[in-house]
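Note: the block below is input.pdb and it holds PDB, C-alpha atoms.
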```pdb
ATOM      1  CA  MET A1231      18.629  26.951 -49.693
ATOM      2  CA  ASP A1232      21.322  26.168 -52.262
ATOM      3  CA  LYS A1233      20.031  23.225 -54.305
ATOM      4  CA  LEU A1234      23.126  23.136 -56.507
ATOM      5  CA  SER A1235      25.645  22.644 -53.728
ATOM      6  CA  ILE A1236      27.713  19.544 -54.543
ATOM      7  CA  THR A1237      28.982  19.286 -50.996
ATOM      8  CA  GLY A1238      25.477  19.033 -49.573
ATOM      9  CA  PRO A1239      22.845  21.335 -48.081
ATOM     10  CA  LYS A1240      23.770  24.135 -45.778
ATOM     11  CA  ILE A1241      23.731  23.722 -42.006
ATOM     12  CA  ARG A1242      20.714  25.247 -40.315
ATOM     13  CA  ALA A1243      21.729  25.035 -36.670
ATOM     14  CA  GLU A1244      23.808  23.176 -34.105
ATOM     15  CA  ILE A1245      22.328  21.679 -30.942
ATOM     16  CA  PRO A1246      24.736  20.982 -28.035
ATOM     17  CA  PHE A1247      24.754  17.386 -26.824
ATOM     18  CA  PRO A1248      26.509  16.405 -23.563
ATOM     19  CA  ILE A1249      28.480  13.396 -24.835
ATOM     20  CA  MET A1250      28.513  13.510 -28.652
ATOM     21  CA  GLY A1251      29.128  17.237 -28.953
ATOM     22  CA  PRO A1252      27.106  19.544 -31.182
ATOM     23  CA  ILE A1253      24.605  17.879 -33.525
ATOM     24  CA  ARG A1254      24.346  19.560 -36.915
ATOM     25  CA  ILE A1255      20.787  20.070 -38.124
ATOM     26  CA  THR A1256      20.891  20.202 -41.936
ATOM     27  CA  ASP A1257      18.281  20.568 -44.646
ATOM     28  CA  THR A1258      18.735  16.872 -45.406
ATOM     29  CA  LEU A1259      17.925  15.900 -41.825
ATOM     30  CA  ILE A1260      14.898  18.192 -41.628
ATOM     31  CA  ILE A1261      13.373  17.080 -44.933
ATOM     32  CA  SER A1262      14.097  13.408 -44.140
ATOM     33  CA  TRP A1263      12.019  13.704 -40.977
ATOM     34  CA  VAL A1264       9.294  15.445 -42.979
ATOM     35  CA  VAL A1265       9.321  12.555 -45.469
ATOM     36  CA  MET A1266       9.032   9.976 -42.676
ATOM     37  CA  LEU A1267       6.211  11.956 -41.082
ATOM     38  CA  LEU A1268       4.307  12.114 -44.377
ATOM     39  CA  ILE A1269       4.696   8.361 -44.923
ATOM     40  CA  THR A1270       3.526   7.653 -41.370
ATOM     41  CA  LEU A1271       0.462   9.879 -41.773
ATOM     42  CA  LEU A1272      -0.338   8.283 -45.125
ATOM     43  CA  CYS A1273      -0.137   4.786 -43.611
ATOM     44  CA  ILE A1274      -2.397   5.808 -40.731
ATOM     45  CA  TRP A1275      -4.928   7.318 -43.143
ATOM     46  CA  LEU A1276      -4.928   4.289 -45.462
ATOM     47  CA  THR A1277      -5.399   1.787 -42.637
ATOM     48  CA  ARG A1278      -8.243   3.556 -40.830
ATOM     49  CA  GLY A1279     -11.694   1.961 -40.956
ATOM     50  CA  LEU A1280     -10.657  -1.312 -42.603
ATOM     51  CA  LYS A1281     -13.493  -3.712 -43.404
ATOM     52  CA  VAL A1282     -13.859  -7.311 -44.536
ATOM     53  CA  GLU A1283     -16.827  -6.643 -46.822
ATOM     54  CA  LYS A1284     -17.882  -3.640 -48.906
ATOM     55  CA  ILE A1285     -14.457  -2.092 -48.697
ATOM     56  CA  SER A1286     -13.853   1.519 -49.679
ATOM     57  CA  LYS A1287     -11.737   2.724 -52.604
ATOM     58  CA  LYS A1288      -9.138   3.842 -50.088
ATOM     59  CA  GLN A1289      -8.888   0.334 -48.624
ATOM     60  CA  ALA A1290      -8.786  -1.200 -52.111
ATOM     61  CA  PHE A1291      -5.864   1.099 -52.956
ATOM     62  CA  ALA A1292      -4.072   0.162 -49.722
ATOM     63  CA  GLU A1293      -4.575  -3.554 -50.407
ATOM     64  CA  MET A1294      -3.247  -3.088 -53.951
ATOM     65  CA  LEU A1295      -0.073  -1.497 -52.572
ATOM     66  CA  VAL A1296       0.410  -4.370 -50.122
ATOM     67  CA  GLU A1297      -0.111  -6.965 -52.853
ATOM     68  CA  MET A1298       2.391  -5.207 -55.126
ATOM     69  CA  ALA A1299       4.976  -5.164 -52.332
ATOM     70  CA  ASP A1300       4.350  -8.863 -51.596
ATOM     71  CA  LYS A1301       4.741  -9.835 -55.251
ATOM     72  CA  PHE A1302       7.896  -7.774 -55.665
ATOM     73  CA  VAL A1303       9.715  -9.132 -52.610
ATOM     74  CA  ILE A1304       8.512 -12.732 -52.702
ATOM     75  CA  GLY A1305       8.910 -12.876 -56.487
ATOM     76  CA  ASN A1306      12.559 -11.805 -56.259
ATOM     77  CA  MET A1307      13.578 -13.401 -52.978
ATOM     78  CA  GLY A1308      11.256 -16.335 -52.340
ATOM     79  CA  GLU A1309       8.587 -17.079 -49.756
ATOM     80  CA  LYS A1310      11.100 -17.461 -46.927
ATOM     81  CA  PHE A1311      11.889 -13.740 -47.204
ATOM     82  CA  ALA A1312       8.273 -12.623 -46.752
ATOM     83  CA  TYR A1313       9.354 -10.898 -43.546
ATOM     84  CA  MET A1314      11.365  -8.478 -45.707
ATOM     85  CA  VAL A1315       8.246  -6.969 -47.293
ATOM     86  CA  PRO A1316       7.815  -4.135 -44.739
ATOM     87  CA  PHE A1317      11.490  -3.169 -44.968
ATOM     88  CA  VAL A1318      11.626  -3.085 -48.777
ATOM     89  CA  ALA A1319       8.270  -1.293 -49.002
ATOM     90  CA  ALA A1320       9.411   1.333 -46.492
ATOM     91  CA  LEU A1321      12.712   1.754 -48.341
ATOM     92  CA  PHE A1322      10.902   2.232 -51.655
ATOM     93  CA  ALA A1323       8.375   4.697 -50.236
ATOM     94  CA  THR A1324      11.088   6.723 -48.513
ATOM     95  CA  SER A1325      13.233   6.811 -51.642
ATOM     96  CA  VAL A1326      10.377   7.816 -53.967
ATOM     97  CA  LEU A1327       9.070  10.556 -51.693
ATOM     98  CA  SER A1328      12.590  11.845 -50.999
ATOM     99  CA  ASN A1329      13.233  12.010 -54.743
ATOM    100  CA  LEU A1330       9.930  13.684 -55.662
ATOM    101  CA  ILE A1331       9.750  16.160 -52.799
ATOM    102  CA  SER A1332      12.046  18.470 -54.776
ATOM    103  CA  LEU A1333       8.999  19.197 -56.960
ATOM    104  CA  PHE A1334       7.757  21.383 -54.104
ATOM    105  CA  GLY A1335      10.886  23.524 -54.204
ATOM    106  CA  VAL A1336      12.655  22.007 -51.194
ATOM    107  CA  TRP A1337      15.953  20.163 -50.920
ATOM    108  CA  SER A1338      15.785  16.496 -51.896
ATOM    109  CA  PRO A1339      17.403  14.307 -49.176
ATOM    110  CA  THR A1340      18.608  11.893 -51.843
ATOM    111  CA  ALA A1341      20.680  14.710 -53.412
ATOM    112  CA  ASP A1342      22.896  14.336 -50.329
ATOM    113  CA  LEU A1343      25.226  11.308 -50.451
ATOM    114  CA  ASN A1344      24.846  10.817 -46.683
ATOM    115  CA  THR A1345      21.266   9.599 -47.214
ATOM    116  CA  GLU A1346      22.093   6.877 -49.736
ATOM    117  CA  ALA A1347      25.218   5.926 -47.764
ATOM    118  CA  ALA A1348      23.102   5.292 -44.663
ATOM    119  CA  TRP A1349      20.663   3.123 -46.633
ATOM    120  CA  ALA A1350      23.533   1.218 -48.249
ATOM    121  CA  VAL A1351      25.173   0.534 -44.866
ATOM    122  CA  VAL A1352      21.909  -0.943 -43.546
ATOM    123  CA  VAL A1353      21.574  -3.137 -46.643
ATOM    124  CA  PHE A1354      25.245  -4.172 -46.404
ATOM    125  CA  ILE A1355      24.736  -5.277 -42.789
ATOM    126  CA  MET A1356      21.715  -7.366 -43.844
ATOM    127  CA  ILE A1357      23.708  -8.930 -46.700
ATOM    128  CA  THR A1358      26.578  -9.798 -44.360
ATOM    129  CA  ARG A1359      24.145 -11.255 -41.822
ATOM    130  CA  GLN A1360      22.661 -13.547 -44.467
ATOM    131  CA  LYS A1361      26.126 -14.727 -45.569
ATOM    132  CA  ILE A1362      27.157 -15.505 -41.990
ATOM    133  CA  LYS A1363      23.828 -17.224 -41.383
ATOM    134  CA  ALA A1364      24.294 -19.407 -44.477
ATOM    135  CA  ASN A1365      27.993 -20.260 -44.071
ATOM    136  CA  GLY A1366      28.819 -19.524 -40.442
ATOM    137  CA  LEU A1367      31.336 -16.904 -39.361
ATOM    138  CA  GLY A1368      34.280 -19.121 -40.266
ATOM    139  CA  GLY A1369      32.891 -19.920 -43.705
ATOM    140  CA  TYR A1370      32.171 -16.251 -44.349
ATOM    141  CA  LEU A1371      35.733 -15.218 -43.476
ATOM    142  CA  LYS A1372      37.194 -18.155 -45.405
ATOM    143  CA  GLY A1373      35.321 -16.994 -48.498
ATOM    144  CA  PHE A1374      37.653 -13.996 -48.737
ATOM    145  CA  THR A1375      40.597 -16.330 -49.390
ATOM    146  CA  LYS A1376      39.046 -18.027 -52.433
ATOM    147  CA  PRO A1377      40.148 -19.092 -54.960
ATOM    148  CA  ILE A1378      43.632 -18.419 -53.553
ATOM    149  CA  PHE A1379      44.838 -16.619 -50.436
ATOM    150  CA  ILE A1380      46.521 -13.826 -52.391
ATOM    151  CA  MET A1381      43.073 -12.711 -53.596
ATOM    152  CA  THR A1382      41.967 -11.793 -50.048
ATOM    153  CA  PRO A1383      42.514  -7.997 -50.368
ATOM    154  CA  PHE A1384      40.689  -7.921 -53.700
ATOM    155  CA  ASN A1385      37.784  -9.965 -52.343
ATOM    156  CA  MET A1386      37.503  -7.587 -49.412
ATOM    157  CA  LEU A1387      37.435  -4.596 -51.759
ATOM    158  CA  SER A1388      34.806  -6.347 -53.846
ATOM    159  CA  GLU A1389      32.682  -6.848 -50.730
ATOM    160  CA  LEU A1390      32.938  -3.177 -49.792
ATOM    161  CA  SER A1391      32.147  -2.060 -53.328
ATOM    162  CA  THR A1392      28.550  -3.266 -52.992
ATOM    163  CA  PRO A1393      27.269  -0.525 -50.655
ATOM    164  CA  ILE A1394      29.487   2.089 -52.332
ATOM    165  CA  SER A1395      28.102   1.324 -55.799
ATOM    166  CA  MET A1396      24.490   1.247 -54.538
ATOM    167  CA  ALA A1397      24.843   4.611 -52.814
ATOM    168  CA  GLY A1398      26.818   6.242 -55.622
ATOM    169  CA  ARG A1399      24.425   5.132 -58.373
ATOM    170  CA  HIS A1400      21.337   6.481 -56.625
ATOM    171  CA  PHE A1401      23.022   9.689 -55.466
ATOM    172  CA  GLY A1402      24.592  10.457 -58.824
ATOM    173  CA  ASN A1403      21.366  10.127 -60.776
ATOM    174  CA  ILE A1404      19.310  12.245 -58.385
ATOM    175  CA  LEU A1405      21.942  14.965 -57.953
ATOM    176  CA  SER A1406      22.498  15.168 -61.703
ATOM    177  CA  GLY A1407      18.792  15.862 -62.158
ATOM    178  CA  VAL A1408      18.904  18.612 -59.539
ATOM    179  CA  VAL A1409      21.971  20.192 -61.128
ATOM    180  CA  ILE A1410      20.613  19.996 -64.689
ATOM    181  CA  ASN A1411      17.265  21.489 -63.642
ATOM    182  CA  GLY A1412      19.064  24.308 -61.816
ATOM    183  CA  LEU A1413      21.284  25.031 -64.800
ATOM    184  CA  MET A1414      18.278  25.009 -67.111
ATOM    185  CA  TYR A1415      16.424  27.512 -64.925
ATOM    186  CA  THR A1416      19.482  29.780 -64.939
ATOM    187  CA  ALA A1417      20.034  29.451 -68.705
ATOM    188  CA  LEU A1418      16.385  30.190 -69.491
ATOM    189  CA  ALA A1419      16.408  33.207 -67.179
ATOM    190  CA  VAL A1420      19.478  34.573 -68.998
ATOM    191  CA  LEU A1421      17.835  33.838 -72.352
ATOM    192  CA  SER A1422      14.687  35.696 -71.257
ATOM    193  CA  SER A1423      16.768  38.674 -70.206
ATOM    194  CA  LYS A1424      18.699  38.775 -73.476
ATOM    195  CA  VAL A1425      15.710  38.287 -75.797
ATOM    196  CA  LEU A1426      13.278  40.613 -74.022
ATOM    197  CA  GLY A1427      16.057  43.124 -73.482
ATOM    198  CA  LEU A1428      16.069  43.672 -77.249
ATOM    199  CA  LEU A1429      12.730  45.441 -76.957
ATOM    200  CA  PRO A1430      13.148  49.203 -77.089
ATOM    201  CA  GLY A1431      12.855  51.620 -74.184
ATOM    202  CA  ALA A1432      11.463  51.041 -70.721
ATOM    203  CA  VAL A1433       9.366  48.085 -71.874
ATOM    204  CA  GLY A1434      12.453  46.075 -72.748
ATOM    205  CA  ALA A1435      14.226  47.096 -69.543
ATOM    206  CA  LEU A1436      11.218  45.989 -67.494
ATOM    207  CA  LEU A1437      10.457  42.710 -69.278
ATOM    208  CA  SER A1438      14.128  41.691 -69.310
ATOM    209  CA  GLN A1439      13.871  41.266 -65.541
ATOM    210  CA  VAL A1440      11.038  38.717 -65.903
ATOM    211  CA  PRO A1441      12.210  35.106 -66.554
ATOM    212  CA  ILE A1442       9.319  34.314 -68.881
ATOM    213  CA  PHE A1443      11.063  31.312 -70.460
ATOM    214  CA  ASP A1444      11.236  29.670 -67.025
ATOM    215  CA  VAL A1445       7.476  29.076 -67.270
ATOM    216  CA  GLY A1446       6.484  25.746 -68.811
ATOM    217  CA  ILE A1447       9.748  24.535 -70.338
ATOM    218  CA  PRO A1448      11.331  23.256 -67.061
ATOM    219  CA  ALA A1449       8.106  21.367 -66.312
ATOM    220  CA  ILE A1450       8.730  19.175 -69.358
ATOM    221  CA  LEU A1451      12.204  18.288 -68.094
ATOM    222  CA  SER A1452      10.753  17.655 -64.649
ATOM    223  CA  VAL A1453       8.663  14.791 -66.030
ATOM    224  CA  TYR A1454      11.899  12.914 -66.691
ATOM    225  CA  PHE A1455      14.392  14.171 -64.109
ATOM    226  CA  ASP A1456      11.959  14.235 -61.176
ATOM    227  CA  TRP A1457       9.127  11.813 -61.862
ATOM    228  CA  PHE A1458      10.597   9.099 -64.072
ATOM    229  CA  THR A1459      14.152   9.125 -62.729
ATOM    230  CA  GLY A1460      12.984   9.471 -59.113
ATOM    231  CA  VAL A1461      10.690   6.446 -59.266
ATOM    232  CA  MET A1462      13.101   4.406 -61.389
ATOM    233  CA  GLN A1463      16.054   4.960 -59.049
ATOM    234  CA  ALA A1464      13.956   3.926 -56.055
ATOM    235  CA  PHE A1465      12.914   0.779 -57.935
ATOM    236  CA  ILE A1466      16.504  -0.058 -58.912
ATOM    237  CA  PHE A1467      17.799   0.459 -55.360
ATOM    238  CA  CYS A1468      15.123  -1.869 -53.947
ATOM    239  CA  MET A1469      15.685  -4.412 -56.720
ATOM    240  CA  LEU A1470      19.414  -4.529 -55.960
ATOM    241  CA  THR A1471      18.623  -4.839 -52.249
ATOM    242  CA  THR A1472      16.421  -7.884 -52.757
ATOM    243  CA  MET A1473      18.836  -9.536 -55.191
ATOM    244  CA  TYR A1474      21.932  -9.012 -53.030
ATOM    245  CA  ILE A1475      20.246 -10.296 -49.877
ATOM    246  CA  ALA A1476      18.707 -13.310 -51.654
ATOM    247  CA  ASN A1477      22.022 -14.212 -53.296
ATOM    248  CA  ALA A1478      23.827 -13.857 -49.953
ATOM    249  CA  ALA A1479      21.492 -16.434 -48.402
ATOM    250  CA  GLU A1480      22.419 -18.915 -51.127
ATOM    251  CA  ALA A1481      26.176 -18.264 -51.074
TER     252      ALA A1481
END
```
Target format structure tokens, applied to this file:
Amino acid sequence: MDKLSITGPKIRAEIPFPIMGPIRITDTLIISWVVMLLITLLCIWLTRGLKVEKISKKQAFAEMLVEMADKFVIGNMGEKFAYMVPFVAALFATSVLSNLISLFGVWSPTADLNTEAAWAVVVFIMITRQKIKANGLGGYLKGFTKPIFIMTPFNMLSELSTPISMAGRHFGNILSGVVINGLMYTALAVLSSKVLGLLPGAVGALLSQVPIFDVGIPAILSVYFDWFTGVMQAFIFCMLTTMYIANAAEA
């Protein structure tokens, strides 16, 4: 599994499909389904045996998560967008788990631009829906001609830049972390080989094959590139989602 591939993860298999042709099964697709399965199982576990009185620590934790999601969405979008809480919470959970799953040595789905592009397209559709709902189809289309008609192509490009910037920002930050971690592992392995290779005789020849410097040091970088950056990028993506949709409803 090549985690440093800029063009995306390698193809695992192709499944023939009568109408659409062969469907490519990639690492991104496989791990994305694993992420969704883990989130589903976690939700089932957290919501089992709910009580009104004398609640368990598990239920208290689940209620805390729900309250945090409510405050985040309603605080940024208003009470009328309370129905968006499940969507934003699911988007955040999927993004965080997809970012952090690389800690287990597997391909991170968010290191593939296709993942963020799909999320951005969904958000873009919701933004457009809110604009049409607020202004009508005619008002939405007329907005591209403001302030003057000649600005129409630029306004259209500006509209399309929203999902592109959301996807590119998230993808770039996650992939950069994957690349930097990979380069660091390689550099430390070479350093181990060079330093330990200075030892005389068979001892040096043997120890030079052991990447001792790869133990411990990359874990420090992982705190930032995997934990902090992974959670922060998920937060930023969801924050932009709520702000864009809320602003579209007021346009």
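Counting all atoms listed in the file and comparing A:Gln1439, A:Val1336, A:Ala1432, A:Pro1316, the residue that lies closest to Val1420 in chain A is A:Gln1439.
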What's around Ser1395 in chain A at 12 Å? Count all atoms listed in the file, leave out sequence neighbours fewer than 4 positions away in its own chain, and write the answer as a ChimeraX atom specification.
/A:1343,1346-1347,1349-1351,1354,1387-1391,1399-1402,1467,1470-1471
When you count all atoms listed in the file, which of these residues is closest to Val1265 in chain A: A:Thr1324, A:Val1318, A:Phe1302, A:Glu1309?
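Under the stated criterion, the closest residue is A:Thr1324.
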Å distance separating CA of Asn1306 in chain A from CA of Thr1472 in chain A, one decimal place
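CA of Thr1472 in chain A lies at a distance of 6.5 Å from CA of Asn1306 in chain A.
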Distance criterion (only C-alpha atoms): nearest to Ala1341 in chain A out of A:Met1356, A:Asn1403, A:Ala1476, A:Leu1421:
A:Asn1403
Take CA of Ile1442 in chain A and CA of Leu1418 in chain A and report the distance between them in Å, one decimal.
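CA of Leu1418 in chain A lies at a distance of 8.2 Å from CA of Ile1442 in chain A.
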When distances are computed from all atoms listed in the file, which of A:Pro1393, A:Met1414, A:Leu1271, A:Tyr1313 shows the smallest separation from Ile1355 in chain A?
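Closest to Ile1355 in chain A of all the choices is A:Pro1393.
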In the coordinates of the file, take the point (7.9, -3.4, -48.2) and a cut-off of 12 Å; then, counting all atoms listed in the file, name each qualifying protein, DNA or RNA residue as a short mmCIF file (atom, residue, chain, number, x, y, z; two decimals) with C-alpha atoms, in the coordinates of the input.
```
data_model
loop_
_atom_site.label_atom_id
_atom_site.label_comp_id
_atom_site.auth_asym_id
_atom_site.auth_seq_id
_atom_site.Cartn_x
_atom_site.Cartn_y
_atom_site.Cartn_z
CA LEU A 1295 -0.07 -1.50 -52.57
CA VAL A 1296 0.41 -4.37 -50.12
CA GLU A 1297 -0.11 -6.96 -52.85
CA MET A 1298 2.39 -5.21 -55.13
CA ALA A 1299 4.98 -5.16 -52.33
CA ASP A 1300 4.35 -8.86 -51.60
CA LYS A 1301 4.74 -9.84 -55.25
CA PHE A 1302 7.90 -7.77 -55.66
CA VAL A 1303 9.72 -9.13 -52.61
CA ILE A 1304 8.51 -12.73 -52.70
CA PHE A 1311 11.89 -13.74 -47.20
CA ALA A 1312 8.27 -12.62 -46.75
CA TYR A 1313 9.35 -10.90 -43.55
CA MET A 1314 11.36 -8.48 -45.71
CA VAL A 1315 8.25 -6.97 -47.29
CA PRO A 1316 7.82 -4.14 -44.74
CA PHE A 1317 11.49 -3.17 -44.97
CA VAL A 1318 11.63 -3.08 -48.78
CA ALA A 1319 8.27 -1.29 -49.00
CA ALA A 1320 9.41 1.33 -46.49
CA LEU A 1321 12.71 1.75 -48.34
CA PHE A 1322 10.90 2.23 -51.66
CA ALA A 1323 8.38 4.70 -50.24
CA THR A 1324 11.09 6.72 -48.51
CA PHE A 1465 12.91 0.78 -57.94
CA CYS A 1468 15.12 -1.87 -53.95
CA MET A 1469 15.68 -4.41 -56.72
CA THR A 1471 18.62 -4.84 -52.25
CA THR A 1472 16.42 -7.88 -52.76
#
```
Expand the PyMOL selection byres ((chain A and resi 1359-1376) around 9) into the individual residues it matches in the shown file, reporting them as a PyMOL selection string.
chain A and resi 1354-1358+1377-1386+1389+1475-1481
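In this model, the gap between CA of Gly1305 in chain A and CA of Ala1397 in chain A comes to 23.9 Å.
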